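> Attaching a single structure in structure tokens format; questions to follow.
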Amino acid sequence: MTAVADCQGRFVWHDLMTSDVEAAEAFYTALLPEWTIKSLTRDDGSTYRMIHANGYDLGGILPLAGGQEVPSHWIGYVAVANCDATVAKFESLGGACCVPARDFADVGRYAVVADPQGATIKPFQLTNEVKLPEMPGPGHFCWDELMANDIEAARKIYCDAFGWQTNEVDMGPSGKYTVFKAGEREVGGGMKTPGECESPPMWLSYVLVDDVDARAAKAKQLGAQTYVEPQEIPGIGRFSAHADPTGAAFALFTITMPMET
């Protein structure tokens, strides 16, 4: 188990908010056979479909609330020491609180916030220790990447709100890539939204797989839209980016070098 203090600043959970829960579950379990789904009944009577892979709970699948004009999307939870204080920090920096802080059973306290450019994320104040892999395995979420119109402004927001530090990596023609760090651990990345990309600012979640090319082809067969065909990240790995049949964006990644712990 990972102590609450050791989780700070890390992505510890991912939820899919979708317009069609059944279609989403069918798609992801076909694409990612590492995933198993367990349906849990919550206190309010709703069903939460928990995702499990290779010994770890990863997140869940939920229906979008009725009447919401929000597209299907994945959203990551970042562990923080104080959820309410983090929400206040986002608001003081020009962000917005989309869902006010609330307690969830004996798990912790969370909220949904948007940075000033509109990308959403969940600060999560954990109550208990959690089981987190030191190294991501097949089927695990392995990276979260911010795409922003103004990456310099976004970098300041997240460093102030989450206590992250940053490194910049020169990606050649692609420009500078920001690596977010919590202490010595790399927890995510950020980049200016590519000019050819029509997506609004957002966080993109990556899932580790054994063969990006084969999984990307499978995703197409299952009805996904491909945004980025499989391609190399020199010296790091190979990735592709897609939208599932309900419209939620995600990425697949195969690593070719050891990941930091």
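Naming works like this for the structure tokens: A, B, ... for the chains as they're shown, residue 1 at the start of each chain, ligands 1 onward in shown order.
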Find the spatial neighbours of Gly237 (chain A), counting only C-alpha atoms, within a cut-off of 10 Å - ignore same-chain residues fewer than 2 positions away - and output them as number ranges by chain.

A: 212, 231-235, 239, 253-258

> DSSP on the backbone, then: every residue of region 3-124 of chain A marked strand (DSSP E), written as a ChimeraX atom specification.

/A:11-18,35-41,47-53,56-63,73-79,96-104,108-114,120-124

> Counting only C-alpha atoms, figure out which residue out of A:Phe141, A:Tyr227, A:Tyr177, A:Tyr28 gets nearest to Ile75 (chain A).

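The closest residue to Ile75 (chain A) is A:Phe141.
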
> If DSSP is run on the backbone, what residues of region 116-234 of chain A are alpha helix (DSSP H)? A reply as an NGL selection string would be ideal.

:A and (151-162 or 212-221)

> Considering only C-alpha atoms, return as a list of chain:residue names whatever protein or nucleic-acid residues lie within 9 Å of Asp213 (chain A), sequence-local ones (same chain, fewer than 5 positions apart) excluded.

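The contact residues come out as A:Lys218, A:Glu229, A:Pro230, A:Gln231, A:Arg238, A:Phe239, A:Ser240.
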
> Could you list, as a list in words, every residue within 12 Å of Asp20 (chain A), counting only C-alpha atoms and ignoring same-chain residues fewer than 6 positions away?

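My reading of the contact set: Ala26, Phe27, Ile61, Leu62, Pro63, Leu64, Ala65, Gly66, Pro71, Ser72, His73, Asp244, Pro245, Thr246, Gly247 and Ala248 of chain A.
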
> Would you save the residues of that selection, restricted to C-alpha atoms, as a CSV table (one decimal), in the first residue's frame?


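File result_12.csv, as written:
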chain,number,residue,atom,x,y,z
A,26,ALA,CA,-17.9,-3.3,-24.4
A,27,PHE,CA,-15.3,-1.2,-26.3
A,61,ILE,CA,-17.0,4.2,-15.8
A,62,LEU,CA,-19.9,6.5,-15.0
A,63,PRO,CA,-22.8,7.9,-17.0
A,64,LEU,CA,-22.8,11.6,-17.7
A,65,ALA,CA,-25.5,13.3,-15.6
A,66,GLY,CA,-28.7,13.9,-17.4
A,71,PRO,CA,-19.0,15.3,-24.2
A,72,SER,CA,-17.8,12.0,-23.1
A,73,HIS,CA,-14.4,12.3,-21.5
A,244,ASP,CA,-13.8,5.8,-28.2
A,245,PRO,CA,-17.2,5.2,-29.8
A,246,THR,CA,-18.8,7.5,-27.3
A,247,GLY,CA,-16.4,10.3,-28.1
A,248,ALA,CA,-13.9,10.2,-25.2

> Which residues are close to Ala249 (chain A), i.e. within 8 Å by only C-alpha atoms, leaving aside same-chain residues fewer than 3 positions away? Reply as a list in words.

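In the requested form, the answer reads His73, Trp74, Leu204, Ser205, Ala241, His242, Ala243 and Asp244 of chain A.
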
> Which residues are near Pro194 (chain A)? Cut-off 10 Å, only C-alpha atoms, ignore same chain within fewer than 6 positions. Put them as a compact mmCIF listing (two decimals) with N, CA, C and O atoms, in the first residue's frame.


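Contents of selection_10.txt, freshly written:
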# COMPACT_ATOMS: atom_id res chain seq x y z
N MET A 147 -2.78 19.25 -22.93
CA MET A 147 -2.65 20.01 -24.17
C MET A 147 -3.31 21.37 -23.95
O MET A 147 -4.49 21.43 -23.60
N ALA A 148 -2.53 22.44 -24.09
CA ALA A 148 -3.00 23.79 -23.75
C ALA A 148 -2.66 24.77 -24.85
O ALA A 148 -1.65 24.62 -25.56
N ASN A 149 -3.47 25.80 -24.98
CA ASN A 149 -3.17 26.86 -25.94
C ASN A 149 -1.96 27.67 -25.50
O ASN A 149 -1.16 28.12 -26.33
N SER A 174 8.83 19.50 -32.83
CA SER A 174 7.60 19.57 -32.05
C SER A 174 7.66 20.63 -30.95
O SER A 174 6.65 20.91 -30.30
N GLY A 175 8.84 21.20 -30.72
CA GLY A 175 8.99 22.24 -29.71
C GLY A 175 9.32 21.68 -28.33
O GLY A 175 9.76 20.54 -28.19

> In Å, how far is it from CA of Ala216 (chain A) to CA of Glu34 (chain A)?

15.5 Å

> So, counting only C-alpha atoms, which residue among A:Ala114, A:Cys197, A:Val207, A:Asp6 is closest to Val228 (chain A)?

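Ranking A:Ala114, A:Cys197, A:Val207, A:Asp6 by distance to Val228 (chain A), first place goes to A:Cys197.
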
> Could you check the closest approach to Thr86 (chain A) for each of A:Ala182, A:Gly45, A:Ala161, A:Asn128 and tell me which residue wins, using only C-alpha atoms?

A:Ala161

> Kindly indicate which residue among A:Ala217, A:Ala224, A:Ala81, A:Leu132 lies nearest to His52 (chain A), using only C-alpha atoms for the distances.

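Checking each of A:Ala217, A:Ala224, A:Ala81, A:Leu132 against His52 (chain A), counting only C-alpha atoms, the winner is A:Leu132.
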
> Env of Gly9 (chain A): 10 Å cut, atoms = only C-alpha atoms, seq-sep filter 5 positions within chain, self excluded. Answer as a list in words.

Tyr77, Val78, Ala79, Val80, Ala81, Pro123, Phe124, Cys159, Ala161, Phe162, Gly163, Trp164, Phe180, Lys181, Ala182, Gly183, Arg185, Glu186, Val187 and Gly188 of chain A

> Which of these, A:Arg42, A:Arg49, A:Lys176, A:Lys89, has the shortest distance to Asp115 (chain A) once you count only C-alpha atoms?

A:Lys89

> May I ask for the distance between CA of Ala153 (chain A) and CA of Val113 (chain A), given in Å to one decimal place?

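Between CA of Ala153 (chain A) and CA of Val113 (chain A) the gap is 16.2 Å.
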
> Suppose you want the space between CA of Ile51 (chain A) and CA of Thr178 (chain A); what is it in Å?

29.0 Å
